[in-house]
file structure22.csv (CSV, C-alpha atoms and all ligand atoms)
chain,number,residue,atom,x,y,z
L,612,MET,CA,-13.2,31.7,37.5
L,613,GLN,CA,-11.0,34.4,35.9
L,614,LYS,CA,-8.6,33.1,33.3
L,615,LYS,CA,-4.9,33.0,34.2
L,616,VAL,CA,-2.4,35.3,32.5
L,617,ALA,CA,1.2,34.2,31.5
L,618,LEU,CA,3.9,36.6,30.4
L,619,ILE,CA,6.6,34.9,28.3
L,620,THR,CA,9.8,36.8,27.2
L,621,GLY,CA,11.4,36.1,23.9
L,622,ALA,CA,8.1,34.4,22.7
L,623,ALA,CA,7.8,35.8,19.2
L,624,ARG,CA,9.4,32.5,18.0
L,625,GLY,CA,11.1,29.3,19.0
L,626,ILE,CA,10.8,27.8,22.4
L,627,GLY,CA,9.0,30.8,23.8
L,628,TYR,CA,6.3,30.5,21.2
L,629,GLY,CA,6.1,26.7,22.0
L,630,ILE,CA,5.6,27.6,25.6
L,631,ALA,CA,2.9,30.2,24.7
L,632,THR,CA,1.1,27.6,22.6
L,633,CYS,CA,1.0,24.9,25.4
L,634,LEU,CA,-0.1,27.4,28.1
L,635,ALA,CA,-2.8,28.8,25.7
L,636,ARG,CA,-4.2,25.3,25.0
L,637,GLN,CA,-4.9,25.2,28.8
L,638,GLY,CA,-6.9,28.4,28.4
L,639,THR,CA,-4.3,30.7,29.8
L,640,GLN,CA,-4.2,34.2,28.3
L,641,ILE,CA,-0.8,35.1,26.9
L,642,VAL,CA,1.5,38.1,26.8
L,643,ILE,CA,4.2,37.6,24.1
L,644,ALA,CA,7.1,40.0,25.0
L,645,ASP,CA,10.0,40.2,22.6
L,646,MET,CA,12.6,42.8,21.6
L,647,ASN,CA,11.2,42.4,18.1
L,648,GLY,CA,7.9,44.3,18.6
L,649,PRO,CA,6.3,43.6,15.1
L,650,ALA,CA,7.1,39.9,15.4
L,651,ALA,CA,5.6,39.8,19.0
L,652,ARG,CA,2.4,41.4,17.7
L,653,LYS,CA,2.2,39.0,14.7
L,654,SER,CA,2.8,35.9,16.9
L,655,ALA,CA,0.2,37.0,19.4
L,656,LYS,CA,-2.3,37.4,16.5
L,657,GLN,CA,-1.4,33.9,15.2
L,658,LEU,CA,-1.6,32.4,18.7
L,659,ALA,CA,-5.1,33.9,19.3
L,660,ALA,CA,-6.3,32.6,15.9
L,661,ASP,CA,-4.9,29.1,16.6
L,662,THR,CA,-6.0,28.6,20.2
L,663,GLY,CA,-8.9,31.0,20.8
L,664,VAL,CA,-7.3,32.7,23.8
L,665,GLU,CA,-6.6,36.4,24.1
L,666,ALA,CA,-3.0,37.2,23.4
L,667,LEU,CA,-1.1,40.5,23.5
L,668,GLY,CA,2.2,41.2,21.8
L,669,LEU,CA,4.5,43.7,23.4
L,670,ALA,CA,7.9,45.1,22.4
L,671,CYS,CA,10.5,44.9,25.2
L,672,ASP,CA,14.2,44.5,25.5
L,673,ILE,CA,14.6,42.7,28.8
L,674,CYS,CA,18.1,44.2,29.3
L,675,ASP,CA,16.5,47.6,29.9
L,676,ARG,CA,14.8,47.8,33.3
L,677,THR,CA,12.7,50.8,32.3
L,678,GLN,CA,11.3,48.9,29.3
L,679,VAL,CA,10.6,45.9,31.5
L,680,ALA,CA,8.7,48.0,34.0
L,681,LYS,CA,6.6,49.6,31.1
L,682,MET,CA,5.9,46.1,29.6
L,683,ILE,CA,4.7,44.8,33.0
L,684,ARG,CA,2.5,47.9,33.5
L,685,LYS,CA,0.9,47.4,30.0
L,686,ALA,CA,0.3,43.7,30.6
L,687,VAL,CA,-1.4,44.4,34.0
L,688,LYS,CA,-3.4,47.3,32.5
L,689,HIS,CA,-4.6,45.0,29.7
L,690,PHE,CA,-5.3,41.8,31.6
L,691,GLY,CA,-5.5,43.0,35.2
L,692,ARG,CA,-3.0,40.4,36.5
L,693,ILE,CA,0.1,38.3,35.9
L,694,ASP,CA,-0.1,34.7,37.2
L,695,ILE,CA,2.9,33.2,35.4
L,696,LEU,CA,6.2,34.6,34.2
L,697,VAL,CA,8.4,32.6,31.9
L,698,ASN,CA,12.0,33.9,31.6
L,699,ASN,CA,12.7,32.5,28.2
L,700,ALA,CA,14.5,35.2,26.1
L,701,GLY,CA,18.2,34.3,25.6
L,702,ILE,CA,21.1,34.4,23.2
L,703,CYS,CA,23.9,32.1,22.5
L,704,PRO,CA,26.6,33.6,20.2
L,705,PHE,CA,28.8,30.4,19.9
L,706,VAL,CA,32.2,32.1,19.9
L,707,ASP,CA,35.4,30.5,21.4
L,708,ILE,CA,35.9,32.0,24.8
L,709,MET,CA,39.5,33.1,23.9
L,710,GLU,CA,38.2,35.0,20.9
L,711,MET,CA,35.2,36.6,22.6
L,712,SER,CA,35.1,40.4,23.0
L,713,GLU,CA,34.3,41.9,26.4
L,714,GLU,CA,31.2,43.5,24.8
L,715,MET,CA,29.9,40.1,23.7
L,716,PHE,CA,30.5,38.5,27.1
L,717,LYS,CA,28.7,41.3,28.8
L,718,LYS,CA,25.8,41.2,26.3
L,719,THR,CA,25.2,37.5,27.0
L,720,MET,CA,25.2,38.2,30.7
L,721,ASP,CA,22.8,41.1,30.2
L,722,VAL,CA,20.2,39.2,28.2
L,723,ASN,CA,20.4,35.7,29.8
L,724,LEU,CA,21.0,36.7,33.5
L,725,ASN,CA,20.3,40.4,34.2
L,726,GLY,CA,17.1,40.4,32.0
L,727,ALA,CA,15.6,37.6,34.0
L,728,PHE,CA,16.5,39.4,37.2
L,729,HIS,CA,14.6,42.6,36.1
L,730,CYS,CA,11.6,40.6,34.8
L,731,THR,CA,11.3,38.4,37.9
L,732,GLN,CA,11.7,41.2,40.5
L,733,LEU,CA,9.2,43.5,38.8
L,734,ALA,CA,6.6,40.8,37.9
L,735,ALA,CA,6.8,39.2,41.3
L,736,LYS,CA,6.1,42.6,42.9
L,737,GLU,CA,2.8,42.6,40.9
L,738,MET,CA,2.0,39.0,42.0
L,739,ILE,CA,2.7,39.9,45.7
L,740,LYS,CA,0.5,43.0,45.4
L,741,ARG,CA,-2.4,40.9,44.1
L,742,GLY,CA,-1.8,38.3,46.9
L,743,GLN,CA,-2.8,35.2,44.9
L,744,GLY,CA,0.6,33.6,44.4
L,745,GLY,CA,2.1,32.8,41.1
L,746,ARG,CA,4.6,30.8,39.1
L,747,VAL,CA,8.0,31.8,37.7
L,748,ILE,CA,9.8,29.5,35.2
L,749,PHE,CA,13.4,30.1,34.2
L,750,ILE,CA,14.5,28.5,30.8
L,751,THR,CA,18.1,27.4,31.5
L,752,SER,CA,20.0,24.8,29.5
L,753,LEU,CA,22.1,21.6,29.8
L,754,ALA,CA,24.9,24.3,29.9
L,755,VAL,CA,24.1,24.7,33.6
L,756,ASN,CA,26.2,21.5,34.1
L,757,VAL,CA,28.3,21.0,30.9
L,758,THR,CA,29.9,23.4,28.4
L,759,SER,CA,32.3,23.8,25.5
L,760,ALA,CA,34.9,26.3,24.4
L,761,GLN,CA,32.2,28.1,22.3
L,762,GLN,CA,29.8,28.3,25.2
L,763,GLY,CA,31.8,29.9,28.0
L,764,ASP,CA,29.6,33.0,28.2
L,765,TYR,CA,26.4,31.1,27.7
L,766,ALA,CA,27.2,28.4,30.3
L,767,ALA,CA,28.3,31.0,32.9
L,768,SER,CA,25.0,33.0,32.3
L,769,LYS,CA,22.8,29.8,32.5
L,770,ALA,CA,24.5,28.5,35.6
L,771,GLY,CA,24.0,31.9,37.2
L,772,LEU,CA,20.4,31.8,36.1
L,773,HIS,CA,19.9,28.5,37.8
L,774,MET,CA,21.2,29.9,41.1
L,775,LEU,CA,19.2,33.1,40.6
L,776,MET,CA,16.1,30.9,40.3
L,777,LYS,CA,16.9,29.3,43.6
L,778,SER,CA,17.3,32.6,45.4
L,779,PHE,CA,14.0,33.8,44.1
L,780,ALA,CA,12.4,30.5,45.1
L,781,ILE,CA,13.5,31.0,48.7
L,782,SER,CA,12.4,34.7,48.8
L,783,LEU,CA,9.1,34.2,47.0
L,784,GLY,CA,8.0,30.8,48.4
L,785,PRO,CA,6.4,32.4,51.5
L,786,LYS,CA,4.2,34.5,49.2
L,787,GLY,CA,2.9,31.5,47.4
L,788,ILE,CA,5.0,32.1,44.3
L,789,THR,CA,7.1,29.1,43.2
L,790,CYS,CA,10.2,29.4,41.0
L,791,ASN,CA,11.6,26.5,38.9
L,792,GLY,CA,14.0,26.0,36.0
L,793,VAL,CA,13.5,24.0,32.8
L,794,ALA,CA,16.7,23.0,31.1
L,795,PRO,CA,16.1,22.1,27.4
L,796,GLY,CA,18.3,19.7,25.6
L,797,MET,CA,18.7,19.9,21.8
L,798,ILE,CA,15.7,21.7,20.5
L,799,LEU,CA,15.2,22.7,16.8
L,800,THR,CA,14.7,26.5,16.6
L,801,ASP,CA,16.1,29.4,14.6
L,802,MET,CA,18.9,29.6,17.3
L,803,THR,CA,20.1,26.1,16.6
L,804,LYS,CA,18.9,25.0,13.1
L,805,PHE,CA,22.2,26.1,11.4
L,806,HIS,CA,23.8,23.3,13.3
L,807,TRP,CA,21.3,20.5,13.6
L,808,GLU,CA,20.2,20.6,9.9
L,809,LYS,CA,23.7,19.5,8.8
L,810,PRO,CA,24.0,15.7,8.2
L,811,GLU,CA,26.6,14.9,10.9
L,812,PRO,CA,24.8,16.6,13.8
L,813,ALA,CA,21.5,15.0,12.6
L,814,ALA,CA,23.2,11.6,12.9
L,815,PHE,CA,24.5,12.5,16.4
L,816,ILE,CA,20.9,13.1,17.5
L,817,LYS,CA,19.9,9.6,16.4
L,818,THR,CA,22.7,7.9,18.4
L,819,ARG,CA,23.1,10.2,21.4
L,820,VAL,CA,19.5,11.1,22.3
L,821,PRO,CA,17.8,8.0,23.7
L,822,VAL,CA,14.3,9.0,22.4
L,823,GLY,CA,15.9,9.2,18.9
L,824,ARG,CA,14.8,12.6,17.8
L,825,ILE,CA,15.6,16.3,18.3
L,826,GLY,CA,13.3,18.2,20.7
L,827,THR,CA,10.5,20.6,19.7
L,828,PRO,CA,9.6,23.9,21.3
L,829,GLU,CA,6.4,22.2,22.4
L,830,ASP,CA,8.3,19.5,24.3
L,831,ILE,CA,9.6,22.4,26.5
L,832,GLY,CA,6.1,24.1,26.5
L,833,ASN,CA,4.6,20.9,27.9
L,834,ALA,CA,7.1,20.8,30.7
L,835,VAL,CA,6.5,24.4,31.6
L,836,ALA,CA,2.7,23.8,31.6
L,837,LEU,CA,3.3,20.8,34.0
L,838,LEU,CA,5.2,23.1,36.4
L,839,CYS,CA,2.5,25.7,36.2
L,840,SER,CA,-0.3,23.2,36.9
L,841,PRO,CA,-2.1,23.2,40.3
L,842,GLU,CA,-0.6,19.7,40.9
L,843,ALA,CA,3.0,21.2,40.9
L,844,ALA,CA,2.2,23.6,43.8
L,845,TYR,CA,4.9,22.0,46.1
L,846,ILE,CA,7.6,21.9,43.5
L,847,ASN,CA,9.9,24.9,44.2
L,848,GLY,CA,13.6,25.8,43.6
L,849,VAL,CA,14.4,22.9,41.3
L,850,GLY,CA,15.6,22.4,37.7
L,851,LEU,CA,13.9,20.0,35.4
L,852,ILE,CA,16.0,18.6,32.5
L,853,VAL,CA,13.9,18.0,29.3
L,854,ASP,CA,16.4,16.5,26.9
L,855,GLY,CA,15.0,13.1,25.8
L,856,GLY,CA,17.6,11.4,28.0
L,857,HIS,CA,20.6,13.0,26.3
L,858,GLN,CA,22.5,13.9,29.5
L,859,ALA,CA,22.0,10.4,30.9
L,860,VAL,CA,24.2,9.0,28.2
L,861,CYS,CA,27.8,8.3,29.2
L,862,ALA,CA,30.5,9.4,26.6
F,901,LIG,N1,17.2,25.8,21.1
F,901,LIG,C1,17.8,25.1,22.0
F,901,LIG,O1,18.4,24.0,21.7
F,901,LIG,C2,18.0,25.5,23.4
F,901,LIG,C3,18.6,24.7,24.3
F,901,LIG,C4,18.7,25.1,25.7
F,901,LIG,C5,18.2,26.3,26.1
F,901,LIG,N2,17.6,27.1,25.2
F,901,LIG,C6,17.1,28.4,25.7
F,901,LIG,O2,15.8,28.6,25.3
F,901,LIG,C7,15.5,30.0,25.2
F,901,LIG,C8,14.9,30.2,23.8
F,901,LIG,O3,15.7,29.7,22.8
F,901,LIG,P1,15.3,29.6,21.3
F,901,LIG,O4,16.1,28.5,20.7
F,901,LIG,O5,13.8,29.6,21.1
F,901,LIG,O6,15.9,31.0,20.7
F,901,LIG,P2,15.5,31.9,19.4
F,901,LIG,O7,16.7,32.7,19.1
F,901,LIG,O8,14.8,31.1,18.4
F,901,LIG,O9,14.4,32.9,20.1
F,901,LIG,C9,14.8,33.8,21.1
F,901,LIG,C10,13.8,35.0,21.1
F,901,LIG,O10,14.2,35.8,22.1
F,901,LIG,C11,14.2,37.2,21.7
F,901,LIG,N3,15.2,38.0,22.4
F,901,LIG,C12,16.5,37.9,22.3
F,901,LIG,N4,17.1,38.9,23.1
F,901,LIG,C13,16.0,39.5,23.7
F,901,LIG,C14,16.0,40.6,24.6
F,901,LIG,N5,17.1,41.3,25.0
F,901,LIG,N6,14.8,41.0,25.0
F,901,LIG,C15,13.6,40.4,24.6
F,901,LIG,N7,13.6,39.4,23.7
F,901,LIG,C16,14.8,39.0,23.3
F,901,LIG,C17,14.5,37.1,20.2
F,901,LIG,O11,14.0,38.2,19.4
F,901,LIG,C18,13.7,35.8,19.8
F,901,LIG,O12,12.4,36.0,19.4
F,901,LIG,C19,16.9,30.7,25.3
F,901,LIG,O13,17.0,31.2,26.7
F,901,LIG,C20,17.9,29.6,25.1
F,901,LIG,O14,19.1,29.9,25.7
F,901,LIG,C21,17.5,26.8,23.9
call {"tool": "encode", "arguments": {"input": "structure22.csv", "output": "structure tokens"}}
result
Amino acid sequence: MQKKVALITGAARGIGYGIATCLARQGTQIVIADMNGPAARKSAKQLAADTGVEALGLACDICDRTQVAKMIRKAVKHFGRIDILVNNAGICPFVDIMEMSEEMFKKTMDVNLNGAFHCTQLAAKEMIKRGQGGRVIFITSLAVNVTSAQQGDYAASKAGLHMLMKSFAISLGPKGITCNGVAPGMILTDMTKFHWEKPEPAAFIKTRVPVGRIGTPEDIGNAVALLCSPEAAYINGVGLIVDGGHQAVCA
């Protein structure tokens, strides 16, 4: 049987690389797409060395539809197929909504929401053409449901992403392509380490996350792998919270 191919955006580091690692361990071939081209190529090389799967690193700014189309063409030319798309690339500027510039607000929307629209529409067209179904995973956030003054742009983009996922799930379900969200809780990555490595937030994790630790990129990767498994074929249009029980805790 031919090996599956997963394309993961923003996978040069962090959660995206964790997802790439978990899918590669199942034998899936990987396309690491990231706006940082050299980092994408370096991470693809590392992944191939660590897991033994073939991995391709491609430069792509997902805000630019022309770049997305080119990236998908290159992935299909190289591997002949795309079975799984993971919309992972995202930004979180952490600026109070009253201080935020219009440019910054639009940028967050462009990366977190519009980028996933371009990638899903164009990758799904390839999946439909091949006629063997597929899986699309959207990396959302707990900010789909809760927010703060510093996350107005981020939460709006992620809540929008959650609903975008549902619309694609309805449109693509009849073609055998399922779409689901994974909402990570507190995960230690370059995006968040400035916060979680301070003593007070570290203590917060101990008391407010029932499993007693901060999440890892591979905690999210394992959830994505679960949703991409054959056993998950009937799961469509839902969001899975992966937060160690954090959101279950009452203030
Ligand atoms: N870390 C957390 O606690 C956490 C929690 C909830 C959700 N998330 C979400 O998980 C995803 C990954 O987060 P992370 O913590 O690994 O972030 P990160 O900043 O460590 O990595 C993000 C990657 O995306 C790439 N990227 C950014 N903009 C891009 C663009 N326009 N086109 C292509 N690539 C781009 C970056 O170059 C980087 O490699 C994001 O969508 C984020 O919102 C993270």
call {"tool": "residues_around", "arguments": {"input": "structure22.csv", "residues": "Tyr765 of chain L", "least_positions_apart": "6", "cutoff": "12 Å", "atoms": "only C-alpha atoms", "output": "ChimeraX atom specification"}}
result
/L:701-708,711,715-724,751-759,771-772
call {"tool": "closest_residue", "arguments": {"input": "structure22.csv", "among": "L:Asp645, L:Ala767, L:Ala651, L:Asp694", "to": "Ala666 of chain L", "atoms": "all atoms listed in the file"}}
result
L:Ala651
call {"tool": "residues_around", "arguments": {"input": "structure22.csv", "residues": "His729 of chain L", "least_positions_apart": "3", "cutoff": "10 Å", "atoms": "only C-alpha atoms", "output": "list in words"}}
result
Ile673, Cys674, Asp675, Arg676, Thr677, Gln678, Val679, Ala680, Leu724, Asn725, Gly726, Gln732, Leu733, Ala734 and Ala735 of chain L
call {"tool": "residues_around", "arguments": {"input": "structure22.csv", "residues": "Met774 of chain L", "least_positions_apart": "3", "cutoff": "12 Å", "atoms": "only C-alpha atoms", "output": "JSON list (two decimals) with C-alpha atoms, in the frame of the given file"}}
result
[["chain", "number", "residue", "atom", "x", "y", "z"],
["L", 724, "LEU", "CA", 21.00, 36.70, 33.50],
["L", 727, "ALA", "CA", 15.60, 37.60, 34.00],
["L", 728, "PHE", "CA", 16.50, 39.40, 37.20],
["L", 749, "PHE", "CA", 13.40, 30.10, 34.20],
["L", 751, "THR", "CA", 18.10, 27.40, 31.50],
["L", 755, "VAL", "CA", 24.10, 24.70, 33.60],
["L", 767, "ALA", "CA", 28.30, 31.00, 32.90],
["L", 768, "SER", "CA", 25.00, 33.00, 32.30],
["L", 769, "LYS", "CA", 22.80, 29.80, 32.50],
["L", 770, "ALA", "CA", 24.50, 28.50, 35.60],
["L", 771, "GLY", "CA", 24.00, 31.90, 37.20],
["L", 777, "LYS", "CA", 16.90, 29.30, 43.60],
["L", 778, "SER", "CA", 17.30, 32.60, 45.40],
["L", 779, "PHE", "CA", 14.00, 33.80, 44.10],
["L", 780, "ALA", "CA", 12.40, 30.50, 45.10],
["L", 781, "ILE", "CA", 13.50, 31.00, 48.70],
["L", 790, "CYS", "CA", 10.20, 29.40, 41.00],
["L", 791, "ASN", "CA", 11.60, 26.50, 38.90],
["L", 792, "GLY", "CA", 14.00, 26.00, 36.00],
["L", 848, "GLY", "CA", 13.60, 25.80, 43.60],
["L", 849, "VAL", "CA", 14.40, 22.90, 41.30],
["L", 850, "GLY", "CA", 15.60, 22.40, 37.70]]
call {"tool": "atom_distance", "arguments": {"input": "structure22.csv", "atom1": "atom CA of Thr639 of chain L", "atom2": "atom CA of Val664 of chain L"}}
result
7.0 Å
call {"tool": "residues_around", "arguments": {"input": "structure22.csv", "residues": "Ile630 of chain L", "least_positions_apart": "6", "cutoff": "8 Å", "atoms": "all atoms listed in the file", "output": "number ranges by chain"}}
result
L: 619, 622, 828-829, 831-833, 835-836
call {"tool": "residues_near_ligand", "arguments": {"input": "structure22.csv", "ligand": "ligand LIG 901 (chain F)", "cutoff": "6 Å", "atoms": "all atoms listed in the file", "output": "ChimeraX atom specification"}}
result
/L:620-627,645-647,671-674,699-702,722,750-752,795-803
call {"tool": "closest_residue", "arguments": {"input": "structure22.csv", "among": "L:Tyr628, L:Phe815, L:Tyr845, L:Phe690", "to": "Ile788 of chain L", "atoms": "only C-alpha atoms"}}
result
L:Tyr845
call {"tool": "atom_distance", "arguments": {"input": "structure22.csv", "atom1": "atom CA of Ala813 of chain L", "atom2": "atom CA of Gln858 of chain L"}}
result
17.0 Å
call {"tool": "closest_residue", "arguments": {"input": "structure22.csv", "among": "L:Leu618, L:Met709, L:Ile695, L:Cys730", "to": "Leu667 of chain L", "atoms": "all atoms listed in the file"}}
result
L:Leu618
call {"tool": "closest_residue", "arguments": {"input": "structure22.csv", "among": "L:Gly745, L:Gly629, L:Pro649, L:Gly663", "to": "Ser840 of chain L", "atoms": "all atoms listed in the file"}}
result
L:Gly745
call {"tool": "closest_residue", "arguments": {"input": "structure22.csv", "among": "L:Arg684, L:Arg746, L:Arg692, L:Lys817", "to": "Pro841 of chain L", "atoms": "all atoms listed in the file"}}
result
L:Arg746
call {"tool": "atom_distance", "arguments": {"input": "structure22.csv", "atom1": "atom CA of Ala670 of chain L", "atom2": "atom CA of Val687 of chain L"}}
result
14.9 Å
call {"tool": "closest_residue", "arguments": {"input": "structure22.csv", "among": "L:Leu696, L:Lys736, L:Glu710, L:Ala844", "to": "Asp764 of chain L", "atoms": "all atoms listed in the file"}}
result
L:Glu710
